[in-house]
file work03.txt (compact mmCIF, C-alpha atoms)
# COMPACT_ATOMS: atom_id res chain seq x y z
CA MET P 1 120.87 40.49 173.91
CA MET P 2 119.72 42.52 170.93
CA MET P 3 118.23 40.33 168.23
CA MET P 4 119.52 41.09 164.74
CA THR P 5 117.39 40.13 161.77
CA THR P 6 118.48 40.41 158.18
CA THR P 7 116.77 40.05 154.86
CA THR P 8 118.96 39.36 151.86
CA TRP P 9 117.77 38.82 148.30
CA ARG P 10 119.85 36.31 146.42
CA THR P 11 119.38 35.52 142.75
CA GLY P 12 120.90 32.18 141.88
CA LEU P 13 124.15 32.09 143.82
CA ALA P 14 125.05 35.77 143.66
CA ARG P 15 124.55 37.76 146.86
CA THR P 16 123.25 41.28 146.48
CA SER P 17 122.93 44.03 149.05
CA ALA P 18 120.79 43.47 152.12
CA GLY P 19 117.59 45.24 153.03
CA CYS P 20 114.92 45.50 150.34
CA PRO P 21 114.93 42.95 147.52
CA THR P 22 114.73 43.86 143.88
CA ALA P 23 112.27 46.62 143.12
CA ASP P 24 109.84 44.49 141.12
CA ALA P 25 109.37 42.16 144.08
CA GLY P 26 107.56 44.87 146.02
CA SER P 27 108.47 46.85 149.10
CA ASP P 28 106.43 44.55 151.36
CA LEU P 29 109.35 42.13 151.39
CA SER P 30 111.50 44.54 153.35
CA MET P 31 111.88 43.34 156.95
CA SER P 32 113.23 45.21 159.95
CA THR P 33 116.90 44.77 159.18
CA ALA P 34 119.85 45.47 161.40
CA ALA P 35 120.54 48.97 160.09
CA GLY P 36 120.45 47.65 156.52
CA LEU P 37 123.53 45.48 157.05
CA SER P 38 124.21 42.39 155.05
CA SER P 39 123.86 39.12 156.97
CA ARG P 40 127.63 38.72 157.27
CA GLU P 41 128.03 42.32 158.46
CA ALA P 42 125.22 41.88 160.99
CA ARG P 43 126.97 38.85 162.47
CA SER P 44 130.31 40.60 162.73
CA GLY P 45 128.67 43.53 164.53
CA SER P 46 128.73 41.60 167.80
CA ALA P 47 132.15 40.48 168.96
CA ASP P 48 130.81 37.59 171.05
CA ARG P 49 128.54 36.22 168.31
CA ASP P 50 129.35 32.68 167.19
CA ASP P 51 129.97 32.46 163.46
CA ARG P 52 128.43 28.99 163.22
CA SER P 53 124.76 28.42 162.56
CA VAL P 54 121.82 26.09 162.20
CA LEU P 55 120.64 26.33 158.59
CA LEU P 56 116.88 26.12 157.99
CA MET P 57 115.91 25.58 154.35
CA LEU P 58 112.33 26.45 153.37
CA ASP P 59 110.38 26.72 150.13
CA PRO P 60 106.70 27.49 149.34
CA LEU P 61 105.66 23.89 150.13
CA THR P 62 107.70 23.44 153.31
CA ALA P 63 107.53 26.84 155.04
CA THR P 64 105.87 25.39 158.15
CA SER P 65 106.02 26.38 161.79
CA VAL P 66 107.09 22.80 162.65
CA ALA P 67 110.44 23.13 160.88
CA ILE P 68 110.98 26.63 162.29
CA GLN P 69 110.24 25.43 165.82
CA ARG P 70 112.62 22.48 165.63
CA ALA P 71 115.38 24.62 164.14
CA SER P 72 114.93 27.20 166.91
CA GLU P 73 115.10 24.47 169.56
CA LEU P 74 118.40 23.24 168.13
CA CYS P 75 119.78 26.78 168.15
CA GLY P 76 118.84 27.17 171.79
CA ALA P 77 120.41 23.85 172.74
CA LEU P 78 123.64 24.43 170.82
CA GLU P 79 123.75 28.20 171.47
CA LEU P 80 124.04 28.92 167.77
CA ARG P 81 122.32 31.49 165.60
CA LEU P 82 119.63 30.53 163.10
CA HIS P 83 120.00 31.27 159.39
CA VAL P 84 116.76 30.81 157.45
CA VAL P 85 116.75 30.48 153.67
CA LEU P 86 113.46 30.87 151.84
CA ALA P 87 113.87 29.41 148.34
CA ILE P 88 111.39 30.57 145.71
CA PRO P 89 111.59 28.54 142.46
CA HIS P 90 112.10 30.33 139.17
CA GLY P 91 108.86 31.02 137.31
CA SER P 92 106.66 30.16 140.29
CA SER P 93 103.75 32.42 139.40
CA SER P 94 101.46 30.93 142.07
CA VAL P 95 103.73 32.11 144.89
CA HIS P 96 103.57 35.69 146.15
CA PRO P 97 107.00 36.33 147.74
CA ALA P 98 105.78 39.16 149.97
CA GLN P 99 103.01 37.10 151.55
CA LEU P 100 105.22 34.06 151.99
CA THR P 101 108.03 36.08 153.54
CA GLY P 102 105.56 37.81 155.84
CA HIS P 103 104.29 34.45 157.07
CA VAL P 104 107.79 33.11 157.72
CA SER P 105 108.95 36.29 159.45
CA ASP P 106 105.86 36.31 161.72
CA VAL P 107 106.56 32.73 162.86
CA LEU P 108 110.24 33.54 163.34
CA ARG P 109 109.46 36.49 165.57
CA LEU P 110 107.36 34.21 167.80
CA ARG P 111 109.87 31.35 167.94
CA ALA P 112 113.20 33.09 167.44
CA PRO P 113 116.24 31.67 169.30
CA ARG P 114 118.10 33.84 171.79
CA ALA P 115 121.13 34.13 169.53
CA GLY P 116 119.00 35.75 166.84
CA TYR P 117 118.31 34.83 163.25
CA GLY P 118 118.74 35.97 159.68
CA LEU P 119 116.25 35.52 156.87
CA GLU P 120 117.55 35.21 153.33
CA ILE P 121 115.40 35.02 150.21
CA VAL P 122 116.75 32.85 147.41
CA GLN P 123 115.49 32.55 143.87
CA GLY P 124 115.95 28.94 142.84
CA GLU P 125 115.67 25.40 144.18
CA ILE P 126 116.93 24.41 147.64
CA ALA P 127 119.19 21.69 146.26
CA ALA P 128 120.90 24.13 143.90
CA VAL P 129 121.90 26.66 146.57
CA VAL P 130 122.25 24.79 149.84
CA GLY P 131 125.91 23.84 149.41
CA SER P 132 127.11 27.39 148.83
CA ILE P 133 124.98 28.88 151.60
CA ALA P 134 125.93 26.20 154.13
CA SER P 135 129.60 26.93 153.55
CA GLN P 136 129.23 30.71 153.74
CA GLU P 137 127.06 30.64 156.85
CA GLY P 138 129.17 28.15 158.80
CA ALA P 139 126.30 25.69 159.05
CA THR P 140 126.71 22.70 161.37
CA ILE P 141 123.31 21.13 160.72
CA VAL P 142 120.57 21.58 158.11
CA VAL P 143 116.85 21.48 158.93
CA VAL P 144 114.07 20.81 156.43
CA ASP P 145 110.38 20.06 156.79
CA ALA P 146 109.20 16.49 156.24
CA ARG P 147 107.28 17.62 153.16
CA TYR P 148 110.57 18.26 151.41
CA GLY P 149 110.88 14.55 150.62
CA ALA P 150 113.01 11.60 151.72
CA ARG P 151 115.16 11.30 148.60
CA GLU P 152 115.78 15.03 148.51
CA ALA P 153 116.71 15.15 152.22
CA CYS P 154 119.22 12.32 151.78
CA ARG P 155 120.68 14.15 148.80
CA LEU P 156 121.15 17.28 150.94
CA ALA P 157 123.15 15.22 153.45
CA GLU P 158 125.33 13.97 150.60
CA ASP P 159 125.83 17.37 148.98
CA THR P 160 126.59 19.28 152.19
CA ASN P 161 128.19 16.44 154.18
CA LEU P 162 126.21 17.81 157.14
CA PRO P 163 123.58 16.18 159.35
CA VAL P 164 120.09 16.89 158.02
CA LEU P 165 117.11 17.01 160.38
CA VAL P 166 113.83 16.11 158.69
CA ALA P 167 111.40 17.87 161.02
CA ARG P 168 108.07 16.55 162.17
CA ASP P 169 105.90 17.47 165.16
CA ALA P 170 107.95 17.37 168.35
CA ARG P 171 107.17 15.30 171.42
CA PRO P 172 108.46 17.56 174.22
CA ASP P 173 109.39 14.78 176.65
CA GLY P 174 110.22 12.12 174.07
CA ALA P 175 113.53 10.28 174.00
CA TRP P 176 115.86 10.17 171.01
CA VAL P 177 117.04 7.01 169.27
CA ALA P 178 120.43 6.66 167.59
CA ALA P 179 120.45 3.67 165.23
CA SER P 180 123.87 2.29 164.31
CA ASP P 181 124.95 -0.59 162.09
CA MET P 182 128.15 -0.72 164.20
CA LEU P 183 130.34 -1.16 161.12
CA ASN P 184 132.45 1.83 162.17
CA ALA P 185 134.31 1.29 165.45
CA ARG P 186 134.03 5.03 166.18
CA LEU P 187 130.21 4.79 166.24
CA PRO P 188 129.75 8.14 164.49
CA VAL P 189 125.93 8.17 164.56
CA LEU P 190 125.83 7.38 168.27
CA SER P 191 128.51 9.93 169.10
CA ALA P 192 126.86 12.73 167.11
CA THR P 193 123.40 12.06 168.48
CA ARG P 194 124.65 11.62 172.06
CA ASP P 195 126.10 15.13 172.07
CA LEU P 196 122.97 16.66 170.54
CA ALA P 197 120.69 14.77 172.94
CA ALA P 198 122.75 15.88 175.94
CA ALA P 199 122.67 19.51 174.80
CA SER P 200 118.89 19.21 174.24
CA ASP P 201 118.35 17.49 177.61
CA ARG P 202 116.89 14.36 176.00
CA ALA P 203 117.21 10.73 177.00
CA LEU P 204 118.95 8.61 174.36
CA VAL P 205 118.50 5.00 173.26
CA CYS P 206 121.54 3.56 171.46
CA PHE P 207 119.99 1.07 169.06
CA HIS P 208 121.31 -1.75 166.89
CA ASN P 209 119.41 -4.41 165.00
CA ALA P 210 121.03 -7.78 164.26
CA PRO P 211 118.87 -9.65 161.72
CA PRO P 212 118.68 -13.37 162.48
CA VAL P 213 120.73 -15.69 160.28
CA SER P 214 119.00 -18.82 159.01
CA VAL P 215 121.88 -20.47 157.16
CA VAL P 216 124.36 -23.08 158.34
CA MET P 217 128.07 -23.37 157.68
CA SER P 218 129.95 -26.60 157.06
CA ASP P 219 133.07 -27.41 159.04
CA PRO P 220 135.90 -27.50 156.46
CA MET P 221 137.99 -29.81 158.65
CA ALA P 222 135.24 -32.41 159.08
CA GLY P 223 133.80 -32.38 155.59
CA PRO P 224 130.52 -31.26 154.00
CA THR P 225 128.40 -33.70 156.00
CA THR P 226 128.88 -31.81 159.26
CA TYR P 227 127.50 -28.35 159.98
CA VAL P 228 127.93 -25.61 162.54
CA ASP P 229 124.75 -23.77 163.50
CA MET P 230 125.20 -20.07 162.64
CA LEU P 231 122.68 -19.07 165.30
CA ALA P 232 125.15 -20.02 168.01
CA LEU P 233 127.80 -17.84 166.40
CA GLN P 234 125.32 -15.01 166.04
CA ASP P 235 124.43 -15.22 169.72
CA ASP P 236 128.06 -14.55 170.54
CA ALA P 237 128.16 -11.62 168.09
CA VAL P 238 124.98 -10.10 169.52
CA GLU P 239 126.31 -10.38 173.06
CA ALA P 240 129.51 -8.65 171.99
CA LYS P 241 127.56 -5.83 170.34
CA GLN P 242 125.33 -5.43 173.38
CA ALA P 243 128.42 -5.20 175.57
CA ARG P 244 129.93 -2.59 173.23
CA LEU P 245 126.78 -0.45 173.40
CA ASP P 246 126.61 -0.89 177.18
CA ARG P 247 130.16 0.43 177.52
CA PHE P 248 129.27 3.38 175.32
CA SER P 249 126.07 4.12 177.24
CA VAL P 250 127.36 3.78 180.78
CA LYS P 251 129.66 6.77 180.31
CA HIS P 252 126.72 9.10 179.78
CA THR P 253 123.65 9.86 181.86
CA ARG P 254 120.16 9.20 180.49
CA THR P 255 121.57 6.81 177.88
CA GLN P 256 120.70 3.16 177.45
CA ALA P 257 121.61 0.43 174.97
CA LEU P 258 119.24 -1.81 173.03
CA VAL P 259 120.02 -4.61 170.56
CA THR P 260 117.11 -6.22 168.71
CA ARG P 261 116.97 -9.24 166.41
CA SER P 262 114.47 -8.48 163.68
CA ASP P 263 114.35 -9.27 159.97
CA SER P 264 113.79 -5.56 159.30
CA THR P 265 115.57 -2.63 160.97
CA ILE P 266 112.73 -0.32 159.90
CA GLU P 267 110.15 -2.59 161.53
CA ALA P 268 112.25 -2.85 164.69
CA LEU P 269 112.48 0.94 164.92
CA GLY P 270 108.75 1.22 164.29
CA ALA P 271 108.05 -1.15 167.17
CA LEU P 272 110.34 0.90 169.42
CA VAL P 273 108.46 4.10 168.52
CA ARG P 274 105.14 2.43 169.30
CA ASP P 275 106.33 1.03 172.64
CA ARG P 276 108.08 4.15 173.91
CA ASP P 277 107.65 7.92 173.77
CA ILE P 278 110.16 8.61 170.97
CA ASP P 279 110.68 12.09 169.54
CA LEU P 280 113.54 11.65 167.05
CA ILE P 281 115.43 8.86 165.28
CA ALA P 282 119.01 9.35 164.05
CA ILE P 283 120.41 7.10 161.35
CA GLY P 284 123.56 7.03 159.25
CA HIS P 285 123.58 7.62 155.50
CA ARG P 286 126.20 6.63 152.95
CA LYS P 287 126.44 8.08 149.49
CA ARG P 288 125.44 5.44 146.95
CA SER P 289 125.82 5.04 143.20
CA TRP P 290 122.90 5.75 140.90
CA LEU P 291 122.59 2.04 140.15
CA SER P 292 122.47 1.16 143.84
CA GLN P 293 119.80 3.81 144.39
CA LEU P 294 117.82 2.44 141.47
CA LEU P 295 117.87 -1.11 142.84
CA HIS P 296 117.50 -0.30 146.53
CA ARG P 297 116.28 2.83 148.30
CA GLY P 298 118.46 2.40 151.37
CA THR P 299 117.55 2.22 155.04
CA SER P 300 117.86 5.96 155.75
CA ARG P 301 115.56 6.94 152.89
CA ARG P 302 112.97 4.30 153.79
CA LEU P 303 113.04 5.42 157.41
CA VAL P 304 112.35 9.06 156.45
CA GLU P 305 109.51 7.91 154.18
CA ARG P 306 107.82 5.70 156.78
CA SER P 307 108.58 7.32 160.11
CA ARG P 308 106.09 9.59 161.87
CA ARG P 309 108.88 11.07 163.94
CA SER P 310 111.64 13.51 163.09
CA VAL P 311 114.66 11.83 161.51
CA LEU P 312 118.25 13.03 161.77
CA ILE P 313 120.27 11.87 158.74
CA VAL P 314 123.94 11.65 159.68
CA PRO P 315 126.32 11.39 156.69
CA LEU P 316 128.96 8.72 157.10
CA ASP P 317 131.34 10.15 154.52
CA GLY P 318 133.50 12.37 156.70
CA HIS P 319 131.47 14.74 158.86
CA GLU P 320 130.55 14.25 162.52
CA LEU P 321 128.79 16.78 164.71
CA SER P 322 129.64 17.48 168.31
CA ALA P 323 127.63 19.37 170.90
CA THR P 324 129.67 22.47 170.15
CA GLY P 325 128.86 22.21 166.45
CA GLU P 326 132.47 21.44 165.54
CA ALA P 327 133.78 18.41 163.70
CA PRO P 328 136.06 16.37 165.99
CA PRO P 329 139.55 15.47 164.74
CA ARG P 330 139.60 12.42 162.53
CA GLU P 331 141.44 9.35 163.70
CA VAL P 332 144.06 7.72 161.54
call {"tool": "encode", "arguments": {"input": "work03.txt", "output": "structure tokens"}}
result
Amino acid sequence: MMMMTTTTWRTGLARTSAGCPTADAGSDLSMSTAAGLSSREARSGSADRDDRSVLLMLDPLTATSVAIQRASELCGALELRLHVVLAIPHGSSSVHPAQLTGHVSDVLRLRAPRAGYGLEIVQGEIAAVVGSIASQEGATIVVVDARYGAREACRLAEDTNLPVLVARDARPDGAWVAASDMLNARLPVLSATRDLAAASDRALVCFHNAPPVSVVMSDPMAGPTTYVDMLALQDDAVEAKQARLDRFSVKHTRTQALVTRSDSTIEALGALVRDRDIDLIAIGHRKRSWLSQLLHRGTSRRLVERSRRSVLIVPLDGHELSATGEAPPREV
């Protein structure tokens, strides 16, 4: 298959013609384009080319080979094309666009997915342009380097309503972990990660942590002097959750269920990473108010901050990813 590469210069949110960027940026930024076509024209040039993509967002601080490699691996697993956006902040005098683009394009040529890739240069911040680009490029998942920041990565998941992979060094034979609070009967985090793990040929651990309860509850029929131990009730709840995960796991090969009882979900996941060869942890993320964010950082953000493994942030506000990159129909 012929690999089509495209360079587009975008100022703010306005797309200009493909090929060479603006004249004052220097001719060195011109890459080998597909006959000077725009990225959308290049994609439409092949009738069998899928219009969906993996979106890799880079900037001068996060243009690493780690993020490029993980994005390319996802493209290969999902059989999707790769769209790379290189965001250069306004007034960034310390960044030479030609050198930075040359570095990114060299790495892309070495690690390019079979379905090809497009490279787009954006003037502005990643957060300001990602929503528009994700929609135009048919993105099903967004990839950023871990240096981008935990709060910023969670915000991308909120703004795009797409899963966001915070990329760190891969462990080629490592298993994936899907952590679920099991509040949603559809188990969206487990379902999304199961499909991705299967497509990537990775073993999957379906994980849930049930913090121990230390309080007691009085029996309203017998009066306040009698108590029912909550630990006994929690044992029943944990057994029910374990059974639910077992039923989910048994339907799929290389999938197992694990329920822990730790005071901290982050600590429980950290212990799992230390005990096993784990490559990636998936966790759900809900959009929170500014006051809630001020008082509490949230489990997903704290996991991205503390984990030494890649983290897949799965938004729980409407979008779920399947192995084909399509959102499954919502249940009523």
call {"tool": "atom_distance", "arguments": {"input": "work03.txt", "atom1": "CA of Tyr117 (chain P)", "atom2": "CA of Arg81 (chain P)"}}
result
5.7 Å
call {"tool": "axis_aligned_box", "arguments": {"input": "work03.txt", "around": "region 103-119 of chain P", "padding_each_side": "5 Å", "output": "AutoDock Vina command-line options"}}
result
--center_x 112.7 --center_y 33.9 --center_z 164.3 --size_x 26.8 --size_y 15.1 --size_z 24.9
call {"tool": "residues_around", "arguments": {"input": "work03.txt", "residues": "Val129 (chain P)", "least_positions_apart": "2", "cutoff": "12 Å", "atoms": "only C-alpha atoms", "output": "ChimeraX atom specification"}}
result
/P:10-15,57-58,85-89,120-127,131-136,156,159-160
call {"tool": "write_last_selection", "arguments": {"input": "work03.txt", "atoms": "C-alpha atoms", "output": "PDB file, keeping the file's coordinate frame"}}
result
ATOM      1  CA  ARG P  10     119.850  36.310 146.420  1.00  0.00           C
ATOM      2  CA  THR P  11     119.380  35.520 142.750  1.00  0.00           C
ATOM      3  CA  GLY P  12     120.900  32.180 141.880  1.00  0.00           C
ATOM      4  CA  LEU P  13     124.150  32.090 143.820  1.00  0.00           C
ATOM      5  CA  ALA P  14     125.050  35.770 143.660  1.00  0.00           C
ATOM      6  CA  ARG P  15     124.550  37.760 146.860  1.00  0.00           C
ATOM      7  CA  MET P  57     115.910  25.580 154.350  1.00  0.00           C
ATOM      8  CA  LEU P  58     112.330  26.450 153.370  1.00  0.00           C
ATOM      9  CA  VAL P  85     116.750  30.480 153.670  1.00  0.00           C
ATOM     10  CA  LEU P  86     113.460  30.870 151.840  1.00  0.00           C
ATOM     11  CA  ALA P  87     113.870  29.410 148.340  1.00  0.00           C
ATOM     12  CA  ILE P  88     111.390  30.570 145.710  1.00  0.00           C
ATOM     13  CA  PRO P  89     111.590  28.540 142.460  1.00  0.00           C
ATOM     14  CA  GLU P 120     117.550  35.210 153.330  1.00  0.00           C
ATOM     15  CA  ILE P 121     115.400  35.020 150.210  1.00  0.00           C
ATOM     16  CA  VAL P 122     116.750  32.850 147.410  1.00  0.00           C
ATOM     17  CA  GLN P 123     115.490  32.550 143.870  1.00  0.00           C
ATOM     18  CA  GLY P 124     115.950  28.940 142.840  1.00  0.00           C
ATOM     19  CA  GLU P 125     115.670  25.400 144.180  1.00  0.00           C
ATOM     20  CA  ILE P 126     116.930  24.410 147.640  1.00  0.00           C
ATOM     21  CA  ALA P 127     119.190  21.690 146.260  1.00  0.00           C
ATOM     22  CA  GLY P 131     125.910  23.840 149.410  1.00  0.00           C
ATOM     23  CA  SER P 132     127.110  27.390 148.830  1.00  0.00           C
ATOM     24  CA  ILE P 133     124.980  28.880 151.600  1.00  0.00           C
ATOM     25  CA  ALA P 134     125.930  26.200 154.130  1.00  0.00           C
ATOM     26  CA  SER P 135     129.600  26.930 153.550  1.00  0.00           C
ATOM     27  CA  GLN P 136     129.230  30.710 153.740  1.00  0.00           C
ATOM     28  CA  LEU P 156     121.150  17.280 150.940  1.00  0.00           C
ATOM     29  CA  ASP P 159     125.830  17.370 148.980  1.00  0.00           C
ATOM     30  CA  THR P 160     126.590  19.280 152.190  1.00  0.00           C
TER      31      THR P 160
END
call {"tool": "residues_near_point", "arguments": {"input": "work03.txt", "point": "(115.0, 33.7, 167.1)", "cutoff": "10 Å", "atoms": "only C-alpha atoms", "output": "list in words"}}
result
Met3, Met4, Thr5, Ile68, Gln69, Ala71, Ser72, Glu73, Cys75, Gly76, Arg81, Leu82, His83, Val107, Leu108, Arg109, Leu110, Arg111, Ala112, Pro113, Arg114, Ala115, Gly116, Tyr117 and Gly118 of chain P
call {"tool": "write_last_selection", "arguments": {"input": "work03.txt", "atoms": "C-alpha atoms", "output": "short mmCIF file (atom, residue, chain, number, x, y, z; two decimals), keeping the file's coordinate frame"}}
result
data_model
loop_
_atom_site.label_atom_id
_atom_site.label_comp_id
_atom_site.auth_asym_id
_atom_site.auth_seq_id
_atom_site.Cartn_x
_atom_site.Cartn_y
_atom_site.Cartn_z
CA MET P 3 118.23 40.33 168.23
CA MET P 4 119.52 41.09 164.74
CA THR P 5 117.39 40.13 161.77
CA ILE P 68 110.98 26.63 162.29
CA GLN P 69 110.24 25.43 165.82
CA ALA P 71 115.38 24.62 164.14
CA SER P 72 114.93 27.20 166.91
CA GLU P 73 115.10 24.47 169.56
CA CYS P 75 119.78 26.78 168.15
CA GLY P 76 118.84 27.17 171.79
CA ARG P 81 122.32 31.49 165.60
CA LEU P 82 119.63 30.53 163.10
CA HIS P 83 120.00 31.27 159.39
CA VAL P 107 106.56 32.73 162.86
CA LEU P 108 110.24 33.54 163.34
CA ARG P 109 109.46 36.49 165.57
CA LEU P 110 107.36 34.21 167.80
CA ARG P 111 109.87 31.35 167.94
CA ALA P 112 113.20 33.09 167.44
CA PRO P 113 116.24 31.67 169.30
CA ARG P 114 118.10 33.84 171.79
CA ALA P 115 121.13 34.13 169.53
CA GLY P 116 119.00 35.75 166.84
CA TYR P 117 118.31 34.83 163.25
CA GLY P 118 118.74 35.97 159.68
#
call {"tool": "residues_near_point", "arguments": {"input": "work03.txt", "point": "(129.6, 28.1, 160.9)", "cutoff": "6 Å", "atoms": "all atoms listed in the file", "output": "compact mmCIF listing (two decimals) with C-alpha atoms, in the frame of the given file"}}
result
# COMPACT_ATOMS: atom_id res chain seq x y z
CA ASP P 51 129.97 32.46 163.46
CA ARG P 52 128.43 28.99 163.22
CA SER P 53 124.76 28.42 162.56
CA GLU P 137 127.06 30.64 156.85
CA GLY P 138 129.17 28.15 158.80
CA ALA P 139 126.30 25.69 159.05
call {"tool": "residues_around", "arguments": {"input": "work03.txt", "residues": "Met182 (chain P)", "least_positions_apart": "4", "cutoff": "12 Å", "atoms": "all atoms listed in the file", "output": "PyMOL selection string"}}
result
chain P and resi 178+186-191+206-210+237-238+240-242+244-245+248+259+283-284+316
call {"tool": "atom_distance", "arguments": {"input": "work03.txt", "atom1": "CA of Asp277 (chain P)", "atom2": "CA of Thr64 (chain P)"}}
result
23.5 Å
call {"tool": "closest_residue", "arguments": {"input": "work03.txt", "among": "P:Arg168, P:Arg70, P:Arg286, P:His90", "to": "Asp181 (chain P)", "atoms": "only C-alpha atoms"}}
result
P:Arg286
call {"tool": "closest_residue", "arguments": {"input": "work03.txt", "among": "P:Ala77, P:Ala185, P:Ala98, P:Ala67", "to": "Arg202 (chain P)", "atoms": "all atoms listed in the file"}}
result
P:Ala77
call {"tool": "atom_distance", "arguments": {"input": "work03.txt", "atom1": "CA of Leu269 (chain P)", "atom2": "CA of Ile313 (chain P)"}}
result
14.8 Å
call {"tool": "closest_residue", "arguments": {"input": "work03.txt", "among": "P:Thr140, P:Ser65, P:Ser180, P:Gln99", "to": "Leu258 (chain P)", "atoms": "all atoms listed in the file"}}
result
P:Ser180
call {"tool": "closest_residue", "arguments": {"input": "work03.txt", "among": "P:Leu80, P:Leu55, P:Arg261, P:Ala179", "to": "Ile141 (chain P)", "atoms": "only C-alpha atoms"}}
result
P:Leu55
call {"tool": "closest_residue", "arguments": {"input": "work03.txt", "among": "P:Leu280, P:Leu196, P:Leu233, P:Ile266", "to": "Gly298 (chain P)", "atoms": "all atoms listed in the file"}}
result
P:Ile266
call {"tool": "closest_residue", "arguments": {"input": "work03.txt", "among": "P:Glu158, P:Leu204, P:His96, P:Ala282", "to": "Val250 (chain P)", "atoms": "only C-alpha atoms"}}
result
P:Leu204
call {"tool": "residues_around", "arguments": {"input": "work03.txt", "residues": "Ala167 (chain P)", "least_positions_apart": "5", "cutoff": "7 Å", "atoms": "all atoms listed in the file", "output": "ChimeraX atom specification"}}
result
/P:66-67,70,143-146,310-311
